[in-house]
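*Asks:* A single structure is presented below for examination.
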Amino acid sequence: MTSQHDNSADREQDVGNPDREALLAELARVLPPAALLSATEDLKPYECDGLTAYSALPWAVALPQNDEQVVAVLKVCHARQVPVVARGAGTGLSGGATPVVQGVVLSLARFMRILEIDPLARLARVQPGVRNLAISEAAAPYGLYYAPDPSSQIACTIGGNVAENSGGVHCLKYGLTVHNVVKLRVALMNGEVMEIGSHALDDPGYDLLALMIGSEGMLGVVIEASVKLTPKPRTAQVVMSSFDSVIEAGNAVAAIIAAGIIPAGLEMMDKLATAAVEDFVHAGYDLTAAAILLAESDGTAEEVAEEIAAMSALLEKNGARNLRISQSEAERLKYWAGRKAAFPAVGRITPDYMCMDGTIPRKHLSHVLTRIAELSEEFHLRCANVFHAGDGNLHPLIMFDARNPGETERAIAFGAKILELSVDVGGTITGEHGVGIEKVKQMCVQFSREELDKFHAVKAAFDPLTLLNPGKAVPYPRHCSEYRLTGSAR
């Protein structure tokens with residue numbers, strides 16, 4: 001999205017601000033000169049994440065190189081009660097890494113070491129700045145890989161994956177980040193370092209590991225992660241099918257899951273998305289179809305053959321036409337390359353777009369997709385649908401032009417309607433992108449005041465001064481009251 005920069009953020013960079021100058025002086029004592037950025041031109045690259053509609057300049061950016069420097073930065077900021085926002089690669093799409101004015105961005109970009117690959121235990125110990133894909137590349141010689149594969153896996157880092165509980169096209173069978181991380185080292189806002197989880201099969205006490213994963217950097221800063229490695233399947237095939245309506249495609253998804261089949265991946269794209277992707281990647285997609293499904297099976301050759309045959313029969317029974325089964329690894333990867341390139345492909349055909357992220361019960365796919373099409377007409381904005389059909393995680397891409405008066409506001413309102421529709425049918429406002437800034441108002445729809453109070457109590461247990469990523473993910477009751485008064489919430 002085109003940036004709507006708040007100029008007040010620039011005013012906060014006044015070098016004459018005594019609090020800022022004192023903070024910079026203290027940080028300079030605990031960091032090497034090259035690890036502390038404070039000039040406006042150096043801060044600009046950190047003013048937002050992938051949600052560029054929201055931006056702000058922090059007082060400083062810290063680039064520590066080791067655990068001791070992370071702890072030192074946190075202690076300085078804690079003593080001065082200066083907010084801290086941890087940042088990985090900045091590929092997030094919900095504003096989770098948007099800086100706080102008069103705060104510090106703590107970048108983990110230099111924590112890029114893979115500390116250990118243990119093929120016998122099928123574990124990898126990595127620093128938070130290691131790219132998602134780099135883990136699989138390092139494990140490949142042992143016949144292993146890291147299963148969660150978000151579309152941004154070539155760039156996104158494991159620390160950000162932990163913060164947002166990222167998934168990917170294969171999360172249906174192999175799980176989200178929370179299912180693939182076994183242990184974390186985390187620095188709290190006061191500088192205390194704690195280890196959560198275990199390399200063993202179980203860990204006594206409360207499941208703080210699951211609490212920390214997906215907490216969007218509000219509870220602690222990940223400085224090391226131990227992740228599961230999965231054996232590479234012996235073979236894999238994808239069946240690509242075309243449908244004359246998104247309703248038929250949605251029904252086919254429901255039929256596959258109802259039959260007890262758990263594909264390695266089950267993805268859908270509508271006609272608008274398919275056209276954008278095909279022009280970009282040339283994956284061989286059917287441009288006449290209203291929707292296409294990609295259904296993957298992996299395992300032994302016998303298992304794959306049996307599952308592909310069963311899925312093909314169900315697809316045809318539910319209206320699929322033009323079924324194509326990948327005949328080589330290159331062809332399989334080509335089909336997936338198109339799906340994983342959907343976001344940049346849509347970016348080529350529109351000046352701006354919002355990528356929404358809601359999750360719904362699979363049985364409501366047809367209804368929700370029909371309603372999104374109606375909302376597209378209502379708001380006079382195009383919307384391409386690309387999503388993890390197998391687990392109901394939607395990614396509607398709302399296209400607009402921020403240069404046209406009112407279009408940004410319409411896009412935001414359109415997105416809010418989609419999120420609230422997801423809640424209406426028994427789903428949730430997020431699947432893998434997090435809440436961040438983008439969806440914080442819709443948390444008022446998802447949860448009651450009492451539930452939000454409990455969330456704040458959890459936050460206070462880890463960060464009583466609310467200095468870590470403040471203003472993100474969990475709204476205060478007064479904000480919900482204001483949102484409901486506008487008539488935007490149910």
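Chain labels follow the order of the structure tokens: the first chain is A, the next B, and so on; residue numbering restarts at 1 in every chain, and ligands are counted from 1 in their shown order.
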Report as a list in words all protein, DNA and RNA residues lying within 9 Å of Asn66 (chain A), evaluated on only C-alpha atoms, omitting residues in the same chain fewer than 5 positions from it.

*Replies:* Val71, Arg110, Phe111 and Ile223 of chain A

*Asks:* Using only C-alpha atoms, find each residue in region 109-156 of chain A having at least one atom no more than 8 Å away from region 164-186 of chain A; report its shortest atom-to-atom pair and that distance in Å (one decimal), rows by chain then rising number, as JSON lines.

*Replies:*
```
{"residue": "A:Ala147", "atom": "CA", "partner": "A:Tyr174", "partner_atom": "CA", "distance": 6.3}
{"residue": "A:Pro148", "atom": "CA", "partner": "A:Gly167", "partner_atom": "CA", "distance": 5.3}
{"residue": "A:Asp149", "atom": "CA", "partner": "A:Gly168", "partner_atom": "CA", "distance": 4.5}
{"residue": "A:Pro150", "atom": "CA", "partner": "A:Gly168", "partner_atom": "CA", "distance": 3.8}
{"residue": "A:Ser151", "atom": "CA", "partner": "A:Gly168", "partner_atom": "CA", "distance": 6.3}
```

*Asks:* Within 9 Å of Ala60 (chain A), counting only C-alpha atoms, which residues show up once you throw out same-chain ones fewer than 5 positions away? Write them as a list in words, please.

*Replies:*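 That gives Arg20, Leu24, Leu36, Leu37, Ser38, Ala39, Leu43, Gln102, Gly103, Val104, Val105 and Leu106 of chain A.
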
*Asks:* Mind checking which residues fall within 12 Å of region 226-230 of chain A, counting only C-alpha atoms, ignoring those fewer than 6 positions away in the same chain, and posting them as a PDB file with C-alpha atoms, in the first residue's frame?

*Replies:*
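That gives us result-v6.pdb:
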```pdb
ATOM      1  CA  ILE A 114      22.404 -21.372  12.005  1.00  0.00           C
ATOM      2  CA  LEU A 115      23.881 -22.608  15.266  1.00  0.00           C
ATOM      3  CA  GLU A 116      23.301 -26.341  14.867  1.00  0.00           C
ATOM      4  CA  ILE A 117      21.710 -28.915  12.591  1.00  0.00           C
ATOM      5  CA  ASP A 118      21.033 -32.160  14.456  1.00  0.00           C
ATOM      6  CA  PRO A 119      19.880 -34.731  11.861  1.00  0.00           C
ATOM      7  CA  LEU A 120      19.420 -37.486  14.440  1.00  0.00           C
ATOM      8  CA  ALA A 121      17.101 -35.423  16.649  1.00  0.00           C
ATOM      9  CA  ARG A 122      15.710 -33.695  13.537  1.00  0.00           C
ATOM     10  CA  LEU A 123      16.220 -30.288  15.086  1.00  0.00           C
ATOM     11  CA  ALA A 124      17.859 -27.027  14.080  1.00  0.00           C
ATOM     12  CA  ARG A 125      18.982 -24.267  16.456  1.00  0.00           C
ATOM     13  CA  VAL A 126      18.925 -20.904  14.732  1.00  0.00           C
ATOM     14  CA  GLN A 127      19.157 -17.223  15.464  1.00  0.00           C
ATOM     15  CA  PRO A 128      16.041 -15.131  14.773  1.00  0.00           C
ATOM     16  CA  VAL A 130      17.894 -16.647   9.767  1.00  0.00           C
ATOM     17  CA  ASN A 132      12.914 -19.352   6.648  1.00  0.00           C
ATOM     18  CA  ILE A 135      16.899 -23.542   7.307  1.00  0.00           C
ATOM     19  CA  SER A 136      15.659 -25.956   4.646  1.00  0.00           C
ATOM     20  CA  GLU A 137      18.722 -25.288   2.506  1.00  0.00           C
ATOM     21  CA  ALA A 138      21.024 -26.112   5.424  1.00  0.00           C
ATOM     22  CA  ALA A 139      19.082 -29.270   6.297  1.00  0.00           C
ATOM     23  CA  ALA A 140      18.801 -30.513   2.706  1.00  0.00           C
ATOM     24  CA  TYR A 142      20.438 -34.697   5.528  1.00  0.00           C
ATOM     25  CA  GLY A 143      17.206 -35.261   3.625  1.00  0.00           C
ATOM     26  CA  LEU A 144      15.358 -32.867   5.929  1.00  0.00           C
ATOM     27  CA  TYR A 145      13.600 -29.511   5.651  1.00  0.00           C
ATOM     28  CA  TYR A 146      11.663 -26.949   7.711  1.00  0.00           C
ATOM     29  CA  ALA A 147       7.987 -27.422   6.860  1.00  0.00           C
ATOM     30  CA  PRO A 148       6.276 -23.993   7.375  1.00  0.00           C
ATOM     31  CA  ILE A 158      12.311 -17.220  11.779  1.00  0.00           C
ATOM     32  CA  GLY A 159      11.962 -14.549  14.477  1.00  0.00           C
ATOM     33  CA  ASN A 161       7.614 -16.311  11.824  1.00  0.00           C
ATOM     34  CA  VAL A 162       7.505 -16.950  15.568  1.00  0.00           C
ATOM     35  CA  LYS A 173      -0.622 -31.200   6.705  1.00  0.00           C
ATOM     36  CA  TYR A 174       2.521 -30.057   8.496  1.00  0.00           C
ATOM     37  CA  GLY A 175       1.235 -27.309  10.747  1.00  0.00           C
ATOM     38  CA  LEU A 176       1.993 -23.675  11.516  1.00  0.00           C
ATOM     39  CA  THR A 177       5.073 -22.296  13.252  1.00  0.00           C
ATOM     40  CA  VAL A 178       3.578 -23.226  16.632  1.00  0.00           C
ATOM     41  CA  HIS A 179       3.622 -26.890  15.599  1.00  0.00           C
ATOM     42  CA  ASN A 180       7.237 -26.783  14.430  1.00  0.00           C
ATOM     43  CA  VAL A 181       9.088 -24.866  17.167  1.00  0.00           C
ATOM     44  CA  VAL A 182      10.131 -26.755  20.304  1.00  0.00           C
ATOM     45  CA  LYS A 183      12.186 -24.245  22.263  1.00  0.00           C
ATOM     46  CA  LEU A 184      12.884 -20.499  22.416  1.00  0.00           C
ATOM     47  CA  ARG A 185      15.348 -18.226  24.172  1.00  0.00           C
ATOM     48  CA  VAL A 186      13.606 -14.955  24.817  1.00  0.00           C
ATOM     49  CA  GLU A 195      14.220 -20.369  27.981  1.00  0.00           C
ATOM     50  CA  ILE A 196      10.782 -21.637  27.029  1.00  0.00           C
ATOM     51  CA  GLY A 197       9.982 -25.124  25.814  1.00  0.00           C
ATOM     52  CA  SER A 198      12.288 -28.110  25.594  1.00  0.00           C
ATOM     53  CA  HIS A 199      14.042 -30.454  23.207  1.00  0.00           C
ATOM     54  CA  ALA A 200      12.228 -33.232  25.046  1.00  0.00           C
ATOM     55  CA  LEU A 201       8.742 -34.394  24.087  1.00  0.00           C
ATOM     56  CA  LEU A 209       5.905 -21.729  24.257  1.00  0.00           C
TER      57      LEU A 209
END
```

*Asks:* So which residues touch Ala310 (chain A) within 12 Å, counting only C-alpha atoms, skipping near sequence neighbours fewer than 2 positions away, as a list in words?

*Replies:* Val239, Ala255, Ile256, Ile257, Ala259, Gly260, Ile261, Ile262, Pro263, Ala295, Glu296, Ser297, Glu303, Val304, Ala305, Glu306, Glu307, Ile308, Ser312, Ala313, Leu314, Leu315, Glu316 and Lys317 of chain A

*Asks:* Here is a test: counting only C-alpha atoms, which residue of A:Thr350, A:Val425, A:Met356, A:Ala187 is nearest to Met218 (chain A)?

*Replies:*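 Looking only at the distances to Met218 (chain A), the closest residue turns out to be A:Ala187.
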
*Asks:* Quick one: residues within 12 Å of Glu409 (chain A), only C-alpha atoms counted, chain neighbours fewer than 5 positions away excluded, as a short mmCIF file (atom, residue, chain, number, x, y, z; two decimals) with N, CA, C and O atoms, in the first residue's frame?

*Replies:*
```cif
data_model
loop_
_atom_site.label_atom_id
_atom_site.label_comp_id
_atom_site.auth_asym_id
_atom_site.auth_seq_id
_atom_site.Cartn_x
_atom_site.Cartn_y
_atom_site.Cartn_z
N MET A 1 0.84 -1.19 0.00
CA MET A 1 0.00 0.00 0.00
C MET A 1 0.87 1.24 0.00
O MET A 1 1.95 1.27 0.55
N GLN A 4 1.09 6.48 3.92
CA GLN A 4 0.44 7.70 4.37
C GLN A 4 1.22 8.16 5.59
O GLN A 4 0.86 7.89 6.73
N ALA A 53 0.72 1.50 4.59
CA ALA A 53 -0.26 2.55 4.85
C ALA A 53 0.00 3.22 6.19
O ALA A 53 -0.46 4.34 6.43
N MET A 354 -4.39 -4.12 -0.65
CA MET A 354 -4.37 -4.60 0.72
C MET A 354 -4.53 -6.10 0.70
O MET A 354 -5.44 -6.61 0.05
N PHE A 379 -18.20 -1.59 -2.92
CA PHE A 379 -17.15 -0.60 -2.68
C PHE A 379 -16.47 -0.15 -3.97
O PHE A 379 -15.57 0.70 -3.93
N LEU A 381 -14.35 -1.67 -5.90
CA LEU A 381 -12.94 -2.01 -5.90
C LEU A 381 -12.78 -3.48 -6.29
O LEU A 381 -13.52 -4.33 -5.82
N ILE A 398 -7.35 -6.68 -2.05
CA ILE A 398 -8.21 -5.56 -2.43
C ILE A 398 -7.37 -4.53 -3.18
O ILE A 398 -6.41 -3.96 -2.64
N PHE A 400 -6.63 -1.00 -5.23
CA PHE A 400 -7.08 0.39 -5.24
C PHE A 400 -5.93 1.29 -5.69
O PHE A 400 -4.82 0.82 -5.94
N ASP A 401 -6.22 2.56 -5.80
CA ASP A 401 -5.21 3.55 -6.18
C ASP A 401 -5.25 4.66 -5.14
O ASP A 401 -6.20 5.44 -5.08
N ALA A 402 -4.24 4.71 -4.30
CA ALA A 402 -4.22 5.69 -3.20
C ALA A 402 -4.18 7.12 -3.70
O ALA A 402 -4.46 8.06 -2.93
N ARG A 403 -3.86 7.32 -4.98
CA ARG A 403 -3.84 8.68 -5.52
C ARG A 403 -5.23 9.23 -5.74
O ARG A 403 -5.42 10.45 -5.85
N ASN A 404 -6.22 8.34 -5.81
CA ASN A 404 -7.60 8.77 -6.01
C ASN A 404 -8.25 9.04 -4.66
O ASN A 404 -8.25 8.17 -3.79
N PHE A 414 -13.59 -1.91 3.20
CA PHE A 414 -13.85 -3.19 2.53
C PHE A 414 -13.17 -4.32 3.31
O PHE A 414 -13.78 -5.36 3.63
N GLY A 415 -11.91 -4.11 3.66
CA GLY A 415 -11.17 -5.11 4.41
C GLY A 415 -11.79 -5.40 5.77
O GLY A 415 -11.88 -6.55 6.20
N ALA A 416 -12.26 -4.34 6.43
CA ALA A 416 -12.91 -4.52 7.74
C ALA A 416 -14.17 -5.37 7.61
O ALA A 416 -14.45 -6.23 8.47
#
```

*Asks:* Which residues in region 200-403 of chain A does DSSP call helix (DSSP H, G or I)? List them as a ChimeraX atom specification.

*Replies:* /A:208-212,246-258,271-281,301-317,329-340,342-347,362-379,389-391

*Asks:* Within 12 Å of Pro361 (chain A), counting only C-alpha atoms, which residues qualify if same-chain residues fewer than 4 places away don't, as a list in words?

*Replies:* Gly250, Val253, Ala254, Ile257, Leu365, Ser366, His367, Val368, His388, Ala389, Gly390, Asp391, Gly392, Asn393, Leu394, Leu421, Ser422, Val423, Asp424, Val425, Gly426, Gly427, Thr428 and Gly431 of chain A

*Asks:* Rounded to one decimal, what separation in Å do you get between CA of Thr408 (chain A) and CA of Gly96 (chain A)?

*Replies:*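 We find that CA of Thr408 (chain A) and CA of Gly96 (chain A) lie 19.6 Å from each other.
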
*Asks:* State, in Å with one decimal place, the distance from CA of Tyr483 (chain A) to CA of Met443 (chain A).

*Replies:* 10.4 Å

*Asks:* With only C-alpha atoms as the atoms that count, which of A:Ser215, A:Ser376, A:Thr274, A:Ser326 lies nearest to Ala473 (chain A)?

*Replies:*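 Nearest candidate to Ala473 (chain A) out of A:Ser215, A:Ser376, A:Thr274, A:Ser326: A:Ser215.
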
*Asks:* Running DSSP on the backbone, which parts of region 189-437 of chain A land in strand (DSSP E), as a PyMOL selection string?

*Replies:* chain A and resi 193-197+221-228+230-231+235-243+265-270+291-299+321-325+352-355+358-359+383-388+393-400

*Asks:* Hey, can you check how far CA of Ile429 (chain A) sits from CA of Gly358 (chain A)?

*Replies:*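 Interatomic distance here is 4.6 Å.
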
*Asks:* So which one's closest to Ala97 (chain A), A:Lys271, A:Arg449, A:Lys441, A:His433? Using only C-alpha atoms, please.

*Replies:*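 Checking each of A:Lys271, A:Arg449, A:Lys441, A:His433 against Ala97 (chain A), counting only C-alpha atoms, the winner is A:His433.
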
*Asks:* Would you mind telling me which residue in A:Pro64, A:Leu51, A:Lys334, A:Pro83 lies nearest to Ala34 (chain A) when using only C-alpha atoms?

*Replies:*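 Closest to Ala34 (chain A), using only C-alpha atoms: A:Pro64.
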